[in-house]
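Inspection log for the structure reproduced underneath, given as structure tokens.
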Amino acid sequence: MRIGQVSERVGLPISTLRYYERRGIIRPGRSPEGYRDYTEQDLAWIAFVQRLLATGMPLAQVQEYARLRHEGDSTVPQRLEMLYQHRGALEARMKELQEQMGFLDQKIQVYLGMLEKQ
């Protein structure tokens, strides 16, 4: 599959796909003519990368994860540790956001009380 088709399927600009390739995050094969030749496995990997980024994982960490993945199954423990660490950071962020929501809810209640008195 050519890069334009991949761009449409995954919803990323071609420039982003090329950037990820330069960073070593994605590594598509090449056709005999030298064109990038993406497989369904490449698309699944890109979807996973998009998911990691959506969770807030920094691009540098995604790049490191991709490097480890490329090295093979011997790096599964390191990749697992990266995911555990990122999960912990997400949990901390969720707790922080819940506290902020609580603050906003309190303020909303104050304003609703003020409106009821009018």
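Here, A, B, ... name the chains of the structure tokens in the order displayed, residue numbers run from 1 inside each chain, and ligands are numbered from 1 in the same displayed order.
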Name all residues at most 12 Å from region 4-7 of chain A (count only C-alpha atoms; drop same-chain ones fewer than 4 positions away) and give them as a VMD selection string. chain A and resid 11 to 18 28 35 to 47
Could you pull out the helix (DSSP H, G or I) residues of chain A from DSSP and send them as a PyMOL selection string? chain A and resi 3-10+14-22+40-54+59-71+73-117
Just the number, please: distance in Å from CA of Glu64 (chain A) to CA of Arg23 (chain A), one decimal.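 A separation of 9.7 Å between them.
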One decimal, Å: what's the distance from CA of Tyr20 (chain A) over to CA of Thr55 (chain A), could you say?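 One can read the CA of Tyr20 (chain A) to CA of Thr55 (chain A) distance as 17.4 Å.
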What is the CA of Gln63 (chain A) to CA of Glu21 (chain A) distance in Å?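 So the answer is 10.1 Å.
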For Val76 (chain A), find every residue with an atom within 12 Å (counting only C-alpha atoms), except residues of its own chain fewer than 6 positions away, and show them as a ChimeraX atom specification. /A:65-70,82-83
